[in-house]
>>> print(open('protein00.cif').read())   # mmCIF, N, CA and C atoms
data_structure
#
loop_
_atom_site.label_atom_id
_atom_site.label_comp_id
_atom_site.auth_asym_id
_atom_site.auth_seq_id
_atom_site.Cartn_x
_atom_site.Cartn_y
_atom_site.Cartn_z
N MET A 838 2.54 -124.96 14.22
CA MET A 838 3.68 -124.06 14.09
C MET A 838 4.46 -124.05 15.40
N GLY A 839 5.79 -124.13 15.25
CA GLY A 839 6.66 -124.06 16.42
C GLY A 839 6.94 -122.62 16.78
N SER A 840 7.65 -122.46 17.87
CA SER A 840 8.00 -121.11 18.29
C SER A 840 9.21 -120.61 17.50
N LEU A 841 9.35 -119.31 17.42
CA LEU A 841 10.45 -118.68 16.69
C LEU A 841 11.74 -118.89 17.47
N LYS A 842 12.76 -119.40 16.81
CA LYS A 842 14.07 -119.58 17.43
C LYS A 842 14.97 -118.43 17.00
N HIS A 843 16.00 -118.18 17.80
CA HIS A 843 16.93 -117.10 17.48
C HIS A 843 17.49 -117.23 16.07
N GLU A 844 17.83 -118.45 15.67
CA GLU A 844 18.45 -118.62 14.36
C GLU A 844 17.46 -118.44 13.21
N ASP A 845 16.20 -118.22 13.50
CA ASP A 845 15.19 -117.93 12.48
C ASP A 845 14.94 -116.43 12.33
N PHE A 846 15.57 -115.62 13.17
CA PHE A 846 15.28 -114.19 13.21
C PHE A 846 16.45 -113.39 12.63
N VAL A 847 16.14 -112.44 11.76
CA VAL A 847 17.12 -111.50 11.22
C VAL A 847 16.60 -110.09 11.48
N HIS A 848 17.35 -109.34 12.25
CA HIS A 848 16.95 -107.97 12.57
C HIS A 848 17.25 -107.08 11.38
N LEU A 849 16.22 -106.44 10.80
CA LEU A 849 16.38 -105.63 9.59
C LEU A 849 16.22 -104.13 9.82
N HIS A 850 16.13 -103.72 11.07
CA HIS A 850 16.01 -102.28 11.37
C HIS A 850 16.73 -102.02 12.69
N LEU A 851 17.94 -101.52 12.56
CA LEU A 851 18.77 -101.31 13.73
C LEU A 851 19.63 -100.08 13.52
N HIS A 852 19.76 -99.25 14.54
CA HIS A 852 20.57 -98.03 14.46
C HIS A 852 21.87 -98.22 15.23
N SER A 853 22.96 -97.80 14.63
CA SER A 853 24.27 -97.92 15.25
C SER A 853 24.69 -96.58 15.85
N GLU A 854 25.94 -96.51 16.23
CA GLU A 854 26.50 -95.27 16.77
C GLU A 854 26.48 -94.14 15.73
N TYR A 855 26.22 -94.46 14.47
CA TYR A 855 26.18 -93.44 13.42
C TYR A 855 24.80 -92.80 13.28
N SER A 856 23.83 -93.23 14.07
CA SER A 856 22.53 -92.56 14.13
C SER A 856 22.53 -91.70 15.39
N LEU A 857 22.93 -90.46 15.23
CA LEU A 857 23.09 -89.59 16.38
C LEU A 857 21.81 -89.48 17.19
N LEU A 858 21.96 -89.60 18.48
CA LEU A 858 20.87 -89.51 19.47
C LEU A 858 19.83 -90.62 19.33
N ASP A 859 20.10 -91.63 18.50
CA ASP A 859 19.11 -92.68 18.29
C ASP A 859 19.69 -94.08 18.43
N GLY A 860 20.99 -94.22 18.31
CA GLY A 860 21.61 -95.52 18.42
C GLY A 860 22.95 -95.39 19.09
N ALA A 861 23.44 -96.46 19.71
CA ALA A 861 24.73 -96.39 20.40
C ALA A 861 25.58 -97.63 20.16
N ILE A 862 25.03 -98.68 19.59
CA ILE A 862 25.78 -99.92 19.47
C ILE A 862 26.91 -99.79 18.47
N ARG A 863 28.03 -100.37 18.83
CA ARG A 863 29.19 -100.43 17.93
C ARG A 863 29.14 -101.75 17.18
N PHE A 864 29.75 -101.77 16.01
CA PHE A 864 29.63 -102.93 15.13
C PHE A 864 30.22 -104.21 15.73
N ASP A 865 31.34 -104.12 16.41
CA ASP A 865 31.93 -105.32 17.02
C ASP A 865 30.95 -105.94 18.03
N SER A 866 30.37 -105.10 18.86
CA SER A 866 29.41 -105.59 19.86
C SER A 866 28.16 -106.16 19.19
N LEU A 867 27.68 -105.50 18.16
CA LEU A 867 26.50 -105.96 17.43
C LEU A 867 26.73 -107.34 16.83
N LEU A 868 27.84 -107.49 16.12
CA LEU A 868 28.12 -108.77 15.46
C LEU A 868 28.35 -109.88 16.47
N LYS A 869 28.98 -109.57 17.57
CA LYS A 869 29.20 -110.56 18.62
C LYS A 869 27.87 -111.02 19.22
N LYS A 870 26.99 -110.08 19.51
CA LYS A 870 25.69 -110.43 20.09
C LYS A 870 24.83 -111.21 19.10
N ALA A 871 24.85 -110.80 17.83
CA ALA A 871 24.09 -111.53 16.81
C ALA A 871 24.62 -112.96 16.68
N GLU A 872 25.93 -113.12 16.77
CA GLU A 872 26.51 -114.46 16.70
C GLU A 872 26.09 -115.29 17.92
N GLU A 873 26.08 -114.67 19.10
CA GLU A 873 25.63 -115.38 20.32
C GLU A 873 24.19 -115.86 20.18
N PHE A 874 23.36 -115.06 19.53
CA PHE A 874 21.96 -115.42 19.33
C PHE A 874 21.74 -116.32 18.12
N LYS A 875 22.85 -116.69 17.46
CA LYS A 875 22.81 -117.58 16.30
C LYS A 875 22.02 -116.98 15.13
N MET A 876 22.05 -115.66 15.02
CA MET A 876 21.39 -115.01 13.90
C MET A 876 22.23 -115.18 12.64
N PRO A 877 21.63 -115.52 11.51
CA PRO A 877 22.42 -115.69 10.29
C PRO A 877 22.86 -114.36 9.68
N ALA A 878 22.14 -113.27 10.00
CA ALA A 878 22.43 -111.96 9.41
C ALA A 878 21.86 -110.88 10.31
N VAL A 879 22.29 -109.65 10.08
CA VAL A 879 21.74 -108.49 10.78
C VAL A 879 21.92 -107.28 9.87
N ALA A 880 20.95 -106.38 9.89
CA ALA A 880 21.01 -105.17 9.06
C ALA A 880 21.23 -103.95 9.94
N VAL A 881 22.00 -103.01 9.43
CA VAL A 881 22.16 -101.70 10.06
C VAL A 881 21.51 -100.68 9.15
N THR A 882 20.55 -99.94 9.69
CA THR A 882 19.79 -98.95 8.92
C THR A 882 19.81 -97.62 9.66
N ASP A 883 20.95 -96.96 9.63
CA ASP A 883 21.08 -95.70 10.34
C ASP A 883 20.19 -94.62 9.72
N HIS A 884 19.86 -93.63 10.54
CA HIS A 884 18.98 -92.54 10.12
C HIS A 884 19.65 -91.64 9.10
N GLY A 885 19.18 -91.68 7.86
CA GLY A 885 19.57 -90.72 6.84
C GLY A 885 21.01 -90.76 6.36
N ASN A 886 21.78 -91.78 6.76
CA ASN A 886 23.18 -91.79 6.33
C ASN A 886 23.72 -93.19 6.18
N LEU A 887 24.83 -93.28 5.47
CA LEU A 887 25.56 -94.53 5.28
C LEU A 887 26.99 -94.38 5.80
N PHE A 888 27.18 -93.55 6.81
CA PHE A 888 28.51 -93.23 7.31
C PHE A 888 29.27 -94.47 7.77
N GLY A 889 28.59 -95.44 8.33
CA GLY A 889 29.26 -96.63 8.84
C GLY A 889 29.14 -97.85 7.95
N ALA A 890 28.61 -97.69 6.76
CA ALA A 890 28.31 -98.83 5.90
C ALA A 890 29.54 -99.67 5.56
N ILE A 891 30.62 -99.04 5.15
CA ILE A 891 31.82 -99.78 4.75
C ILE A 891 32.43 -100.48 5.97
N GLU A 892 32.53 -99.75 7.08
CA GLU A 892 33.08 -100.35 8.31
C GLU A 892 32.25 -101.57 8.73
N PHE A 893 30.94 -101.44 8.73
CA PHE A 893 30.06 -102.55 9.11
C PHE A 893 30.22 -103.72 8.16
N TYR A 894 30.23 -103.45 6.88
CA TYR A 894 30.35 -104.52 5.88
C TYR A 894 31.68 -105.26 6.04
N LYS A 895 32.77 -104.53 6.19
CA LYS A 895 34.08 -105.16 6.32
C LYS A 895 34.17 -106.01 7.59
N LYS A 896 33.67 -105.48 8.70
CA LYS A 896 33.70 -106.25 9.94
C LYS A 896 32.78 -107.46 9.85
N GLY A 897 31.64 -107.30 9.19
CA GLY A 897 30.71 -108.40 9.03
C GLY A 897 31.25 -109.52 8.17
N MET A 898 32.10 -109.18 7.21
CA MET A 898 32.68 -110.20 6.33
C MET A 898 33.69 -111.07 7.07
N HIS A 899 34.15 -110.63 8.24
CA HIS A 899 35.05 -111.42 9.07
C HIS A 899 34.28 -112.08 10.22
N SER A 900 32.98 -112.12 10.11
CA SER A 900 32.11 -112.67 11.14
C SER A 900 31.23 -113.74 10.50
N PRO A 901 30.73 -114.70 11.29
CA PRO A 901 29.78 -115.66 10.73
C PRO A 901 28.40 -115.05 10.47
N VAL A 902 28.18 -113.82 10.91
CA VAL A 902 26.91 -113.13 10.71
C VAL A 902 26.99 -112.28 9.44
N LYS A 903 26.07 -112.49 8.52
CA LYS A 903 26.05 -111.74 7.26
C LYS A 903 25.63 -110.29 7.52
N PRO A 904 26.44 -109.32 7.08
CA PRO A 904 26.06 -107.91 7.24
C PRO A 904 25.13 -107.47 6.12
N ILE A 905 24.03 -106.84 6.49
CA ILE A 905 23.11 -106.27 5.52
C ILE A 905 23.14 -104.75 5.72
N VAL A 906 23.47 -104.03 4.67
CA VAL A 906 23.58 -102.58 4.75
C VAL A 906 22.29 -101.95 4.27
N GLY A 907 21.85 -100.93 4.98
CA GLY A 907 20.65 -100.21 4.59
C GLY A 907 20.66 -98.81 5.17
N CYS A 908 19.53 -98.15 5.05
CA CYS A 908 19.40 -96.78 5.55
C CYS A 908 17.92 -96.51 5.82
N GLU A 909 17.66 -95.80 6.89
CA GLU A 909 16.30 -95.32 7.14
C GLU A 909 16.23 -93.89 6.62
N ILE A 910 15.55 -93.72 5.51
CA ILE A 910 15.49 -92.40 4.89
C ILE A 910 14.22 -91.67 5.31
N TYR A 911 14.26 -90.37 5.13
CA TYR A 911 13.11 -89.52 5.42
C TYR A 911 12.43 -89.15 4.11
N ILE A 912 11.13 -89.37 4.07
CA ILE A 912 10.33 -89.03 2.89
C ILE A 912 9.44 -87.85 3.28
N THR A 913 9.33 -86.89 2.38
CA THR A 913 8.48 -85.74 2.63
C THR A 913 7.44 -85.63 1.53
N GLY A 914 6.27 -85.12 1.85
CA GLY A 914 5.27 -84.84 0.83
C GLY A 914 5.76 -83.71 -0.05
N GLY A 915 5.53 -83.79 -1.33
CA GLY A 915 6.00 -82.75 -2.24
C GLY A 915 7.45 -82.96 -2.60
N SER A 916 8.15 -81.87 -2.82
CA SER A 916 9.54 -81.91 -3.27
C SER A 916 10.51 -81.82 -2.10
N ARG A 917 11.68 -82.45 -2.26
CA ARG A 917 12.70 -82.33 -1.22
C ARG A 917 13.28 -80.92 -1.18
N PHE A 918 12.99 -80.12 -2.20
CA PHE A 918 13.48 -78.75 -2.25
C PHE A 918 12.58 -77.79 -1.47
N ASP A 919 11.37 -78.21 -1.11
CA ASP A 919 10.44 -77.34 -0.37
C ASP A 919 10.98 -77.01 1.01
N ARG A 920 10.76 -75.79 1.42
CA ARG A 920 11.11 -75.35 2.77
C ARG A 920 9.85 -74.78 3.39
N GLY A 921 9.58 -75.15 4.61
CA GLY A 921 8.40 -74.64 5.28
C GLY A 921 7.77 -75.71 6.11
N GLY A 922 6.66 -75.42 6.70
CA GLY A 922 5.98 -76.37 7.57
C GLY A 922 6.65 -76.40 8.93
N VAL A 923 6.43 -77.46 9.66
CA VAL A 923 6.97 -77.60 11.00
C VAL A 923 8.44 -77.97 10.91
N ALA A 924 9.29 -77.29 11.66
CA ALA A 924 10.74 -77.53 11.61
C ALA A 924 11.05 -78.96 12.02
N GLY A 925 11.81 -79.63 11.17
CA GLY A 925 12.26 -80.98 11.48
C GLY A 925 11.15 -82.01 11.51
N ASN A 926 10.12 -81.81 10.73
CA ASN A 926 8.93 -82.64 10.81
C ASN A 926 9.09 -83.97 10.08
N VAL A 927 9.73 -84.90 10.72
CA VAL A 927 9.80 -86.26 10.18
C VAL A 927 9.16 -87.17 11.21
N ALA A 928 7.88 -86.99 11.35
CA ALA A 928 7.13 -87.64 12.43
C ALA A 928 6.80 -89.09 12.14
N GLY A 929 7.20 -89.60 11.00
CA GLY A 929 6.86 -90.99 10.70
C GLY A 929 5.40 -91.16 10.34
N GLY A 930 4.75 -90.08 9.92
CA GLY A 930 3.35 -90.16 9.55
C GLY A 930 2.44 -90.31 10.74
N ASP A 931 2.89 -89.87 11.92
CA ASP A 931 2.06 -90.05 13.10
C ASP A 931 1.02 -88.96 13.28
N GLY A 932 1.02 -87.96 12.38
CA GLY A 932 0.01 -86.92 12.43
C GLY A 932 0.30 -85.85 13.46
N GLU A 933 1.33 -86.05 14.29
CA GLU A 933 1.64 -85.09 15.34
C GLU A 933 2.13 -83.76 14.77
N ASN A 934 3.03 -83.83 13.77
CA ASN A 934 3.56 -82.61 13.16
C ASN A 934 3.04 -82.44 11.74
N ASP A 935 3.45 -83.32 10.87
CA ASP A 935 3.04 -83.26 9.47
C ASP A 935 2.72 -84.68 9.02
N PRO A 936 1.48 -84.97 8.72
CA PRO A 936 1.11 -86.34 8.34
C PRO A 936 1.66 -86.77 6.99
N ASN A 937 2.33 -85.86 6.27
CA ASN A 937 2.88 -86.20 4.95
C ASN A 937 4.37 -86.48 4.99
N THR A 938 4.91 -86.78 6.15
CA THR A 938 6.32 -87.14 6.27
C THR A 938 6.43 -88.54 6.87
N TYR A 939 7.38 -89.32 6.35
CA TYR A 939 7.49 -90.72 6.74
C TYR A 939 8.94 -91.17 6.78
N HIS A 940 9.17 -92.25 7.47
CA HIS A 940 10.46 -92.94 7.43
C HIS A 940 10.28 -94.16 6.53
N LEU A 941 11.34 -94.50 5.80
CA LEU A 941 11.31 -95.65 4.92
C LEU A 941 12.63 -96.39 5.04
N ILE A 942 12.57 -97.69 5.27
CA ILE A 942 13.77 -98.52 5.37
C ILE A 942 14.12 -99.04 3.98
N LEU A 943 15.36 -98.78 3.54
CA LEU A 943 15.85 -99.30 2.27
C LEU A 943 17.06 -100.19 2.56
N LEU A 944 17.05 -101.40 2.02
CA LEU A 944 18.15 -102.36 2.19
C LEU A 944 18.78 -102.61 0.84
N ILE A 945 20.10 -102.75 0.83
CA ILE A 945 20.76 -103.01 -0.44
C ILE A 945 20.90 -104.50 -0.67
N GLN A 946 20.88 -104.89 -1.93
CA GLN A 946 21.01 -106.29 -2.30
C GLN A 946 22.37 -106.58 -2.95
N ASN A 947 22.94 -105.55 -3.60
CA ASN A 947 24.19 -105.77 -4.33
C ASN A 947 24.89 -104.42 -4.50
N LEU A 948 26.00 -104.42 -5.25
CA LEU A 948 26.79 -103.21 -5.44
C LEU A 948 25.98 -102.11 -6.14
N LYS A 949 25.16 -102.49 -7.10
CA LYS A 949 24.31 -101.50 -7.79
C LYS A 949 23.35 -100.85 -6.79
N GLY A 950 22.77 -101.64 -5.90
CA GLY A 950 21.88 -101.10 -4.87
C GLY A 950 22.61 -100.17 -3.92
N TYR A 951 23.85 -100.53 -3.58
CA TYR A 951 24.65 -99.67 -2.70
C TYR A 951 24.91 -98.32 -3.38
N ARG A 952 25.27 -98.36 -4.65
CA ARG A 952 25.52 -97.11 -5.38
C ARG A 952 24.26 -96.26 -5.46
N ASN A 953 23.12 -96.89 -5.71
CA ASN A 953 21.85 -96.15 -5.78
C ASN A 953 21.50 -95.53 -4.43
N LEU A 954 21.70 -96.29 -3.35
CA LEU A 954 21.39 -95.76 -2.02
C LEU A 954 22.35 -94.62 -1.65
N CYS A 955 23.59 -94.72 -2.06
CA CYS A 955 24.54 -93.62 -1.85
C CYS A 955 24.07 -92.36 -2.56
N LYS A 956 23.55 -92.50 -3.78
CA LYS A 956 23.04 -91.34 -4.53
C LYS A 956 21.85 -90.72 -3.82
N ILE A 957 20.95 -91.56 -3.33
CA ILE A 957 19.76 -91.06 -2.63
C ILE A 957 20.17 -90.32 -1.36
N ALA A 958 21.03 -90.94 -0.56
CA ALA A 958 21.46 -90.32 0.70
C ALA A 958 22.24 -89.03 0.44
N SER A 959 23.07 -89.02 -0.58
CA SER A 959 23.83 -87.81 -0.92
C SER A 959 22.91 -86.67 -1.35
N ALA A 960 21.93 -87.00 -2.18
CA ALA A 960 20.97 -85.98 -2.62
C ALA A 960 20.16 -85.44 -1.44
N ALA A 961 19.84 -86.31 -0.51
CA ALA A 961 19.09 -85.89 0.67
C ALA A 961 19.88 -84.86 1.48
N TYR A 962 21.18 -85.04 1.57
CA TYR A 962 22.02 -84.09 2.30
C TYR A 962 22.33 -82.84 1.50
N THR A 963 22.63 -82.99 0.23
CA THR A 963 23.09 -81.84 -0.55
C THR A 963 21.95 -81.02 -1.16
N GLU A 964 20.82 -81.65 -1.43
CA GLU A 964 19.71 -80.94 -2.10
C GLU A 964 18.46 -80.84 -1.24
N GLY A 965 18.27 -81.76 -0.31
CA GLY A 965 17.02 -81.81 0.42
C GLY A 965 17.14 -81.54 1.89
N PHE A 966 18.30 -81.11 2.36
CA PHE A 966 18.48 -80.93 3.80
C PHE A 966 17.68 -79.74 4.31
N TYR A 967 16.77 -80.01 5.22
CA TYR A 967 15.99 -78.98 5.91
C TYR A 967 15.74 -79.52 7.30
N TYR A 968 16.60 -79.22 8.22
CA TYR A 968 16.65 -79.76 9.58
C TYR A 968 17.12 -81.21 9.59
N LYS A 969 16.75 -81.98 8.60
CA LYS A 969 17.18 -83.37 8.44
C LYS A 969 17.31 -83.65 6.95
N PRO A 970 18.11 -84.66 6.57
CA PRO A 970 18.20 -85.00 5.14
C PRO A 970 16.90 -85.62 4.64
N ARG A 971 16.36 -85.09 3.52
CA ARG A 971 15.10 -85.61 3.00
C ARG A 971 15.26 -85.96 1.54
#
>>> encode(input="protein00.cif", output="C-alpha cells")
Amino acid sequence: MGSLKHEDFVHLHLHSEYSLLDGAIRFDSLLKKAEEFKMPAVAVTDHGNLFGAIEFYKKGMHSPVKPIVGCEIYITGGSRFDRGGVAGNVAGGDGENDPNTYHLILLIQNLKGYRNLCKIASAAYTEGFYYKPR
C-alpha cells in the first residue's frame, strides 16, 4: 500500500463560519485551499444548521472542488420534546454530562436528501430546541 495523497482525501466533517464558536472558515477560502490540496470534494457539516448550505453549494459549483452539503445534528436519548437533565448536554456521548446524547454527521446525496435534512434541522429548532437544536 502506498501513502495517502492529497487527491485521495475528501474531508467529510468540517465547520464553517456558520457554526458559531466552532468554525471560522469562509467558503471561498475553503474551496481555494481544497483546490490547492487537489481534493476532489469537501463537505461542510455545520453544527445543527444548514444556514450556509445554498451559498456553499453555489460557490462550489463554480469551483473544481465538488461541494458536499451536510449537517452535524444533535441526538438526545428519549424525545426531542423532553426538557431536563444537564443544560446544553450534547457531550457527544463522552459520559461527562449525559451519556445518552450524541452528535451525528448527515450528508446529502441529492435534492430529496437536502429536503429531508432541512425538515430534520427545522424540527430540531422549532420543536426540539433546548439550549441547542435536538
>>> closest_residue(input="protein00.cif", among="A:His899, A:Lys875, A:His884, A:Arg952", to="A:Asp845", atoms="all atoms listed in the file")
A:Lys875
>>> resolve_selection(input="protein00.cif", expression="the PyMOL selection byres ((chain A and resi 890-894) around 8)", output="list in words")
Phe864, Asp865, Val881, Asn886, Leu887, Phe888, Gly889, Lys895, Lys896, Gly897, Met898, His899, Lys903, Pro904, Ile905, Val906 and Gly907 of chain A
>>> resolve_selection(input="protein00.cif", expression="the PyMOL selection byres (((chain A and resi 912 and name CA) around 8) and name CA)", output="short mmCIF file (atom, residue, chain, number, x, y, z; two decimals) with N, CA and C atoms, keeping the file's coordinate frame")
data_model
loop_
_atom_site.label_atom_id
_atom_site.label_comp_id
_atom_site.auth_asym_id
_atom_site.auth_seq_id
_atom_site.Cartn_x
_atom_site.Cartn_y
_atom_site.Cartn_z
N ILE A 910 15.55 -93.72 5.51
CA ILE A 910 15.49 -92.40 4.89
C ILE A 910 14.22 -91.67 5.31
N TYR A 911 14.26 -90.37 5.13
CA TYR A 911 13.11 -89.52 5.42
C TYR A 911 12.43 -89.15 4.11
N THR A 913 9.33 -86.89 2.38
CA THR A 913 8.48 -85.74 2.63
C THR A 913 7.44 -85.63 1.53
N GLY A 914 6.27 -85.12 1.85
CA GLY A 914 5.27 -84.84 0.83
C GLY A 914 5.76 -83.71 -0.05
N VAL A 927 9.73 -84.90 10.72
CA VAL A 927 9.80 -86.26 10.18
C VAL A 927 9.16 -87.17 11.21
N THR A 938 4.91 -86.78 6.15
CA THR A 938 6.32 -87.14 6.27
C THR A 938 6.43 -88.54 6.87
N TYR A 939 7.38 -89.32 6.35
CA TYR A 939 7.49 -90.72 6.74
C TYR A 939 8.94 -91.17 6.78
N HIS A 940 9.17 -92.25 7.47
CA HIS A 940 10.46 -92.94 7.43
C HIS A 940 10.28 -94.16 6.53
N LEU A 941 11.34 -94.50 5.80
CA LEU A 941 11.31 -95.65 4.92
C LEU A 941 12.63 -96.39 5.04
N ARG A 971 16.36 -85.09 3.52
CA ARG A 971 15.10 -85.61 3.00
C ARG A 971 15.26 -85.96 1.54
#
>>> resolve_selection(input="protein00.cif", expression="the PyMOL selection byres ((chain A and resi 868) around 8)", output="MDAnalysis selection string")
chainID A and resid 863:867 869:874 879 896:897 900:902
>>> write_last_selection(input="protein00.cif", atoms="N, CA and C atoms", output="PDB file, in the coordinates of the input")
ATOM      1  N   ARG A 863      28.030-100.370  18.830  1.00  0.00           N
ATOM      2  CA  ARG A 863      29.190-100.430  17.930  1.00  0.00           C
ATOM      3  C   ARG A 863      29.140-101.750  17.180  1.00  0.00           C
ATOM      4  N   PHE A 864      29.750-101.770  16.010  1.00  0.00           N
ATOM      5  CA  PHE A 864      29.630-102.930  15.130  1.00  0.00           C
ATOM      6  C   PHE A 864      30.220-104.210  15.730  1.00  0.00           C
ATOM      7  N   ASP A 865      31.340-104.120  16.410  1.00  0.00           N
ATOM      8  CA  ASP A 865      31.930-105.320  17.020  1.00  0.00           C
ATOM      9  C   ASP A 865      30.950-105.940  18.030  1.00  0.00           C
ATOM     10  N   SER A 866      30.370-105.100  18.860  1.00  0.00           N
ATOM     11  CA  SER A 866      29.410-105.590  19.860  1.00  0.00           C
ATOM     12  C   SER A 866      28.160-106.160  19.190  1.00  0.00           C
ATOM     13  N   LEU A 867      27.680-105.500  18.160  1.00  0.00           N
ATOM     14  CA  LEU A 867      26.500-105.960  17.430  1.00  0.00           C
ATOM     15  C   LEU A 867      26.730-107.340  16.830  1.00  0.00           C
ATOM     16  N   LYS A 869      28.980-109.570  17.570  1.00  0.00           N
ATOM     17  CA  LYS A 869      29.200-110.560  18.620  1.00  0.00           C
ATOM     18  C   LYS A 869      27.870-111.020  19.220  1.00  0.00           C
ATOM     19  N   LYS A 870      26.990-110.080  19.510  1.00  0.00           N
ATOM     20  CA  LYS A 870      25.690-110.430  20.090  1.00  0.00           C
ATOM     21  C   LYS A 870      24.830-111.210  19.100  1.00  0.00           C
ATOM     22  N   ALA A 871      24.850-110.800  17.830  1.00  0.00           N
ATOM     23  CA  ALA A 871      24.090-111.530  16.810  1.00  0.00           C
ATOM     24  C   ALA A 871      24.620-112.960  16.680  1.00  0.00           C
ATOM     25  N   GLU A 872      25.930-113.120  16.770  1.00  0.00           N
ATOM     26  CA  GLU A 872      26.510-114.460  16.700  1.00  0.00           C
ATOM     27  C   GLU A 872      26.090-115.290  17.920  1.00  0.00           C
ATOM     28  N   GLU A 873      26.080-114.670  19.100  1.00  0.00           N
ATOM     29  CA  GLU A 873      25.630-115.380  20.320  1.00  0.00           C
ATOM     30  C   GLU A 873      24.190-115.860  20.180  1.00  0.00           C
ATOM     31  N   PHE A 874      23.360-115.060  19.530  1.00  0.00           N
ATOM     32  CA  PHE A 874      21.960-115.420  19.330  1.00  0.00           C
ATOM     33  C   PHE A 874      21.740-116.320  18.120  1.00  0.00           C
ATOM     34  N   VAL A 879      22.290-109.650  10.080  1.00  0.00           N
ATOM     35  CA  VAL A 879      21.740-108.490  10.780  1.00  0.00           C
ATOM     36  C   VAL A 879      21.920-107.280   9.870  1.00  0.00           C
ATOM     37  N   LYS A 896      33.670-105.480   8.700  1.00  0.00           N
ATOM     38  CA  LYS A 896      33.700-106.250   9.940  1.00  0.00           C
ATOM     39  C   LYS A 896      32.780-107.460   9.850  1.00  0.00           C
ATOM     40  N   GLY A 897      31.640-107.300   9.190  1.00  0.00           N
ATOM     41  CA  GLY A 897      30.710-108.400   9.030  1.00  0.00           C
ATOM     42  C   GLY A 897      31.250-109.520   8.170  1.00  0.00           C
ATOM     43  N   SER A 900      32.980-112.120  10.110  1.00  0.00           N
ATOM     44  CA  SER A 900      32.110-112.670  11.140  1.00  0.00           C
ATOM     45  C   SER A 900      31.230-113.740  10.500  1.00  0.00           C
ATOM     46  N   PRO A 901      30.730-114.700  11.290  1.00  0.00           N
ATOM     47  CA  PRO A 901      29.780-115.660  10.730  1.00  0.00           C
ATOM     48  C   PRO A 901      28.400-115.050  10.470  1.00  0.00           C
ATOM     49  N   VAL A 902      28.180-113.820  10.910  1.00  0.00           N
ATOM     50  CA  VAL A 902      26.910-113.130  10.710  1.00  0.00           C
ATOM     51  C   VAL A 902      26.990-112.280   9.440  1.00  0.00           C
TER      52      VAL A 902
END
>>> atom_distance(input="protein00.cif", atom1="atom C of A:Ile862", atom2="atom CA of A:Asn947")
23.7 Å
>>> atom_distance(input="protein00.cif", atom1="atom CA of A:Pro877", atom2="atom CA of A:Leu849")
11.8 Å
>>> closest_residue(input="protein00.cif", among="A:Ile945, A:Glu964, A:Leu851, A:Tyr951", to="A:Phe918", atoms="all atoms listed in the file")
A:Glu964
>>> atom_distance(input="protein00.cif", atom1="atom N of A:Gly860", atom2="atom C of A:Leu954")
20.0 Å
